[in-house]
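Here is the file query_37.txt (compact mmCIF, C-alpha atoms).
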```txt
# COMPACT_ATOMS: atom_id res chain seq x y z
CA MET A 208 90.56 81.43 120.54
CA GLU A 209 90.57 83.70 117.51
CA GLN A 210 89.96 87.25 118.56
CA THR A 211 87.82 89.47 116.40
CA GLN A 212 90.22 92.29 115.72
CA ASP A 213 90.84 94.77 112.97
CA LYS A 214 93.39 93.43 110.53
CA SER A 215 95.77 95.15 108.15
CA THR A 216 97.82 93.45 105.48
CA MET A 217 100.62 94.65 103.30
CA VAL A 218 102.61 93.24 100.42
CA VAL A 219 106.17 94.53 100.57
CA PHE A 220 107.48 94.00 97.05
CA SER A 221 110.04 96.79 96.97
CA GLY A 222 113.51 96.56 98.45
CA ASP A 223 114.09 100.32 98.38
CA LEU A 224 114.98 101.97 101.68
CA ASP A 225 112.35 104.70 101.42
CA LYS A 226 109.54 102.32 100.51
CA ALA A 227 110.60 99.86 103.19
CA MET A 228 110.51 102.67 105.76
CA ALA A 229 107.04 103.72 104.64
CA SER A 230 105.91 100.10 104.98
CA PHE A 231 107.25 99.73 108.48
CA ILE A 232 105.95 103.11 109.63
CA ILE A 233 102.47 102.11 108.51
CA ALA A 234 102.84 98.64 110.01
CA THR A 235 104.04 99.85 113.43
CA GLY A 236 101.46 102.63 113.40
CA ALA A 237 98.67 100.17 112.63
CA ALA A 238 99.91 97.84 115.35
CA ALA A 239 99.95 100.76 117.80
CA MET A 240 96.33 101.41 116.87
CA GLY A 241 95.49 97.90 117.96
CA LYS A 242 95.38 96.27 114.55
CA GLN A 243 96.67 92.83 113.82
CA VAL A 244 99.21 93.47 111.07
CA THR A 245 100.60 91.03 108.53
CA MET A 246 103.40 91.98 106.16
CA PHE A 247 104.16 89.74 103.20
CA PHE A 248 107.65 90.10 101.82
CA THR A 249 108.09 89.12 98.23
CA PHE A 250 110.76 89.58 95.53
CA TRP A 251 113.01 92.57 96.33
CA GLY A 252 111.26 93.06 99.64
CA LEU A 253 112.97 89.91 100.93
CA ASN A 254 116.28 91.78 101.00
CA ILE A 255 114.94 93.90 103.87
CA LEU A 256 114.80 90.74 105.97
CA ARG A 257 118.26 89.44 105.13
CA LYS A 258 120.81 89.11 107.90
CA GLU A 259 123.65 91.59 107.56
CA GLU A 260 126.36 88.98 107.87
CA TYR A 261 127.24 86.48 105.19
CA VAL A 262 125.69 83.08 105.80
CA ASN A 263 127.42 80.13 104.24
CA VAL A 264 124.82 77.93 102.57
CA LYS A 265 125.14 75.57 99.61
CA LYS A 266 123.87 77.27 96.46
CA THR A 267 123.98 77.02 92.71
CA PHE A 268 126.19 79.44 90.81
CA MET A 269 123.23 81.59 89.74
CA ASP A 270 121.84 81.79 93.27
CA LYS A 271 125.26 82.80 94.54
CA MET A 272 125.46 85.60 91.97
CA PHE A 273 121.99 86.82 92.93
CA ALA A 274 122.88 86.79 96.61
CA LYS A 275 126.03 88.80 95.93
CA MET A 276 124.31 91.45 93.84
CA MET A 277 121.42 92.09 96.20
CA PRO A 278 121.64 94.18 99.38
CA ARG A 279 122.03 92.31 102.64
CA GLY A 280 119.65 93.78 105.20
CA PRO A 281 118.17 97.18 106.07
CA GLU A 282 121.49 99.04 106.29
CA LYS A 283 122.43 98.21 102.71
CA LEU A 284 119.30 99.26 100.85
CA GLY A 285 119.31 102.10 98.33
CA ILE A 286 116.58 104.68 97.83
CA SER A 287 114.07 104.57 94.98
CA LYS A 288 114.98 107.98 93.59
CA MET A 289 118.28 109.88 93.47
CA ASN A 290 120.27 106.93 94.79
CA TYR A 291 123.32 107.74 92.63
CA GLY A 292 125.09 104.47 93.28
CA GLY A 293 124.39 104.54 97.00
CA LEU A 294 125.39 108.15 97.66
CA GLY A 295 121.78 109.31 97.78
CA GLY A 296 120.96 106.58 100.28
CA LYS A 297 123.87 107.61 102.48
CA MET A 298 122.74 111.25 102.36
CA MET A 299 119.20 110.24 103.25
CA LYS A 300 120.39 108.21 106.24
CA TYR A 301 122.66 111.05 107.37
CA THR A 302 119.90 113.65 107.27
CA MET A 303 117.42 111.30 108.95
CA LYS A 304 119.85 110.71 111.78
CA LYS A 305 120.33 114.45 112.21
CA LYS A 306 116.59 114.96 112.38
CA ASN A 307 116.21 112.17 114.91
CA ILE A 308 114.09 109.97 112.67
CA VAL A 309 113.92 106.33 113.61
CA THR A 310 116.02 104.00 111.41
CA LEU A 311 114.66 101.12 109.36
CA LYS A 312 116.48 98.66 111.59
CA GLU A 313 114.80 100.11 114.68
CA LEU A 314 111.44 100.08 112.90
CA ILE A 315 111.84 96.37 112.14
CA GLU A 316 112.67 95.62 115.76
CA MET A 317 109.72 97.70 116.87
CA ALA A 318 107.41 95.85 114.49
CA GLN A 319 108.54 92.53 115.94
CA ASP A 320 108.07 93.88 119.43
CA LEU A 321 104.50 94.91 118.53
CA ASP A 322 103.78 91.40 117.21
CA VAL A 323 103.53 92.37 113.56
CA LYS A 324 103.43 89.11 111.63
CA MET A 325 106.14 89.06 108.98
CA VAL A 326 105.81 86.48 106.28
CA ALA A 327 108.44 85.61 103.69
CA CYS A 328 107.09 84.44 100.35
CA THR A 329 108.63 81.03 99.77
CA MET A 330 108.24 81.16 96.00
CA SER A 331 110.25 84.41 95.85
CA MET A 332 112.84 82.83 98.11
CA ASP A 333 113.20 80.03 95.56
CA VAL A 334 113.47 82.45 92.66
CA MET A 335 116.13 84.53 94.31
CA GLY A 336 117.89 81.64 95.94
CA ILE A 337 117.43 82.96 99.46
CA THR A 338 117.31 80.42 102.26
CA LYS A 339 115.73 80.61 105.73
CA GLU A 340 119.21 80.67 107.28
CA GLU A 341 119.92 83.98 105.54
CA LEU A 342 116.82 85.72 106.88
CA ILE A 343 116.26 87.19 110.34
CA ASP A 344 114.55 85.12 113.04
CA GLY A 345 110.89 85.27 113.90
CA LEU A 346 109.47 85.04 110.38
CA ASP A 347 106.63 82.95 109.01
CA TYR A 348 106.94 81.24 105.65
CA ALA A 349 103.98 81.02 103.31
CA GLY A 350 102.52 81.61 99.87
CA VAL A 351 99.74 83.42 98.08
CA ALA A 352 96.83 81.55 99.71
CA SER A 353 97.96 82.55 103.16
CA TYR A 354 98.25 86.17 102.07
CA LEU A 355 94.82 86.17 100.41
CA ALA A 356 93.20 84.61 103.47
CA ASP A 357 94.61 87.38 105.65
CA ALA A 358 93.82 90.10 103.11
CA ASP A 359 90.23 88.88 102.93
CA GLU A 360 89.76 89.73 106.60
CA SER A 361 91.54 93.07 106.41
CA LYS A 362 90.21 96.58 106.12
CA ILE A 363 93.55 97.92 105.01
CA ASN A 364 95.54 96.21 102.30
CA LEU A 365 98.55 97.77 100.62
CA PHE A 366 101.06 96.86 97.95
CA ILE A 367 104.36 98.65 98.36
CA MET B 45 93.32 116.60 136.37
CA ASN B 46 94.52 113.45 138.03
CA VAL B 47 97.38 112.36 135.79
CA LYS B 48 98.53 108.81 136.40
CA GLN B 49 101.61 108.91 134.20
CA THR B 50 103.48 111.36 131.98
CA LEU B 51 105.08 110.23 128.75
CA ASP B 52 107.72 112.36 127.10
CA THR B 53 108.03 111.93 123.33
CA LYS B 54 109.68 115.28 122.67
CA GLY B 55 112.06 115.18 119.72
CA LEU B 56 110.62 111.94 118.37
CA SER B 57 109.03 111.76 114.95
CA CYS B 58 106.29 109.64 113.44
CA PRO B 59 105.46 106.84 114.29
CA MET B 60 107.23 106.92 117.67
CA PRO B 61 104.77 109.13 119.60
CA ILE B 62 101.83 106.82 118.98
CA VAL B 63 103.89 103.65 119.43
CA LYS B 64 105.16 104.90 122.80
CA THR B 65 101.71 106.12 123.79
CA LYS B 66 100.28 102.72 123.01
CA LYS B 67 102.90 100.99 125.12
CA ALA B 68 102.38 103.37 128.03
CA MET B 69 98.61 102.95 127.77
CA ASP B 70 98.95 99.16 127.92
CA GLY B 71 100.33 99.50 131.43
CA LEU B 72 97.44 101.60 132.71
CA ALA B 73 93.98 100.67 133.95
CA SER B 74 90.69 101.80 132.46
CA GLY B 75 89.88 105.37 133.55
CA ASP B 76 93.52 106.31 134.15
CA ILE B 77 94.75 109.51 132.54
CA LEU B 78 97.97 109.57 130.54
CA GLU B 79 99.73 112.85 129.84
CA VAL B 80 101.74 112.89 126.61
CA LEU B 81 104.32 115.52 125.62
CA ALA B 82 105.28 115.78 121.97
CA THR B 83 107.01 118.10 119.52
CA ASP B 84 106.08 116.29 116.30
CA LYS B 85 103.98 118.71 114.26
CA GLY B 86 101.60 115.91 113.24
CA ALA B 87 100.97 114.91 116.84
CA VAL B 88 97.69 116.80 117.29
CA ASN B 89 96.02 115.01 114.40
CA ASP B 90 97.80 111.74 115.06
CA LEU B 91 97.04 111.38 118.74
CA SER B 92 93.43 112.47 118.17
CA ALA B 93 93.04 109.76 115.52
CA TRP B 94 94.88 107.22 117.64
CA SER B 95 92.68 107.88 120.69
CA LYS B 96 89.52 107.66 118.62
CA SER B 97 90.32 104.40 116.89
CA SER B 98 91.84 102.77 119.96
CA GLY B 99 88.78 103.48 122.09
CA HIS B 100 90.35 106.05 124.41
CA GLU B 101 89.19 109.57 125.14
CA LEU B 102 91.34 112.59 124.32
CA LEU B 103 90.24 114.88 127.14
CA ASP B 104 92.22 117.94 126.17
CA HIS B 105 95.33 119.16 124.44
CA LYS B 106 97.25 122.41 124.26
CA GLU B 107 100.48 123.87 122.98
CA GLU B 108 103.04 125.47 125.28
CA ASP B 109 106.31 126.88 123.91
CA GLY B 110 106.30 124.52 120.95
CA VAL B 111 105.47 121.47 123.06
CA PHE B 112 102.12 119.78 122.60
CA LYS B 113 100.49 118.37 125.70
CA PHE B 114 97.77 115.76 125.58
CA TRP B 115 95.60 114.18 128.24
CA ILE B 116 94.15 110.85 127.26
CA LYS B 117 91.79 108.81 129.38
CA LYS B 118 92.03 105.08 128.94
CA GLY B 119 88.83 103.51 127.65
```
Rendering of file as structure tokens:
Amino acid sequence: MEQTQDKSTMVVFSGDLDKAMASFIIATGAAAMGKQVTMFFTFWGLNILRKEEYVNVKKTFMDKMFAKMMPRGPEKLGISKMNYGGLGGKMMKYTMKKKNIVTLKELIEMAQDLDVKMVACTMSMDVMGITKEELIDGLDYAGVASYLADADESKINLFI
Amino acid sequence: MNVKQTLDTKGLSCPMPIVKTKKAMDGLASGDILEVLATDKGAVNDLSAWSKSSGHELLDHKEEDGVFKFWIKKG
């Protein structure tokens, strides 16, 4: 039976480390406050959900190029400002570790543990040539109607 | 105060204190009191807000040598 529960939805468009962290902090926080949280990953945001290892799937030349140029998973993302070819991201991760701040990878695991629904936008997957095999387990796959239906029932709705 | 369980979140930063508090609270029964220790400077506002919107009662909180202590009664 469908439970009447507060819902929160989020579109994660950005694949920047800092914005991804903000998304997952809000998502895990909302889940801890008893909300049913749905995160929709679209365009660059899909890179957050990529497996770290290379997955051998048949692709067109263009799709292969795209896959090579984009970061594979949470450890490879850059930051939205002062990235300086990855150096800024490394510095950010270093200082966060020193200050005992939870990593993006841990946040993702925590979100899954708290039953945050993570949805990969299938149209973006087509555009960027990303297949299900290349993404982490436990995802849902859907499009704009599914997002809008969830957003309609939500009190909190963000685009990051 | 009859504390059922103590949760130590010292050294952890946002959002860990509320995530851990939520998990600890899930294991308790209605009326039980959970004691939470935290050092995150946002914890006073965060745990107050968390208790309020999750239907629990923040009975009291205080600061002792830089450690915040909270007593939350499960709703």
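Within 7 Å of chain B, and counting only C-alpha atoms, chain A contributes A:Ile232, A:Gly236, A:Ala239, A:Met240, A:Gly241, A:Asn307, A:Ile308.
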Just give me the residues with any atom within 10 Å of (113.3, 100.1, 97.6), file coordinates, counting only C-alpha atoms, written as number ranges by chain.
A: 219-228, 251-252, 254-255, 284-288, 367
Please list as an mmCIF file with C-alpha atoms, keeping the file's coordinate frame every residue within 10 Å of Met69 (chain B), counting only C-alpha atoms and excluding residues in the same chain fewer than 4 positions away.
```cif
data_model
loop_
_atom_site.group_PDB
_atom_site.id
_atom_site.type_symbol
_atom_site.label_atom_id
_atom_site.label_comp_id
_atom_site.auth_asym_id
_atom_site.auth_seq_id
_atom_site.Cartn_x
_atom_site.Cartn_y
_atom_site.Cartn_z
ATOM 1 C CA GLN B 49 101.610 108.910 134.200
ATOM 2 C CA LEU B 51 105.080 110.230 128.750
ATOM 3 C CA VAL B 63 103.890 103.650 119.430
ATOM 4 C CA LYS B 64 105.160 104.900 122.800
ATOM 5 C CA THR B 65 101.710 106.120 123.790
ATOM 6 C CA ALA B 73 93.980 100.670 133.950
ATOM 7 C CA SER B 74 90.690 101.800 132.460
ATOM 8 C CA ASP B 76 93.520 106.310 134.150
ATOM 9 C CA ILE B 77 94.750 109.510 132.540
ATOM 10 C CA LEU B 78 97.970 109.570 130.540
ATOM 11 C CA HIS B 100 90.350 106.050 124.410
ATOM 12 C CA ILE B 116 94.150 110.850 127.260
ATOM 13 C CA LYS B 117 91.790 108.810 129.380
ATOM 14 C CA LYS B 118 92.030 105.080 128.940
ATOM 15 C CA GLY B 119 88.830 103.510 127.650
#
```
Step by step: start from the point (128.3, 92.7, 101.5) in the file's coordinates, keep every protein, DNA or RNA residue that has an atom no farther than 9 Å from it, count only C-alpha atoms, and write the set as a ChimeraX atom specification.
/A:259-261,275-279,283
What's around Asp344 (chain A) at 12 Å? Count all atoms listed in the file, leave out sequence neighbours fewer than 6 positions away in its own chain, and write the answer as a PyMOL selection string.
chain A and resi 256-258+315-316+319+324-327
Can you work out which one of A:Lys339, A:Lys300, A:Lys214, A:Lys306 has the shortest atom-to-atom distance to Ser361 (chain A), counting all atoms listed in the file?
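Closest to Ser361 (chain A) of all the choices is A:Lys214.
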Given the choices A:Met299, A:Lys242, A:Gly345, A:Tyr354, which gets closest to Phe366 (chain A) if the distance is worked out from only C-alpha atoms?
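Among A:Met299, A:Lys242, A:Gly345, A:Tyr354, it is A:Tyr354 that comes nearest to Phe366 (chain A).
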Need the shell around region 111-115 of chain B: protein/DNA/RNA residues with any atom at most 10 Å away, counting only C-alpha atoms. Skip same-chain ones fewer than 4 positions apart. Format as an MDAnalysis selection string?
chainID B and resid 45:47 49:55 77:85 87:88 91:92 101:107
For a test of reading the model, state the distance in Å between CA of Leu346 (chain A) and CA of Asp359 (chain A), rounded to one decimal.
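CA of Asp359 (chain A) lies 21.0 Å from CA of Leu346 (chain A).
One finds CA of Lys362 (chain A) at 25.8 Å from CA of Met330 (chain A).
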Just how far from CA of Leu321 (chain A) is CA of Ala234 (chain A), in Å to one decimal?
9.4 Å
Rank A:Tyr301, A:Met317, A:Met272, A:Pro281 by their smallest atom-to-atom distance to Leu342 (chain A), using all atoms listed in the file, and report the top residue only.
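Going through A:Tyr301, A:Met317, A:Met272, A:Pro281 one by one, the smallest distance to Leu342 (chain A) is for A:Pro281.
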Residues near Glu340 (chain A), anyone? I mean within 9 Å using all atoms listed in the file, not counting same-chain ones fewer than 5 positions away, as an NGL selection string.
:A and (258 or 262-264)
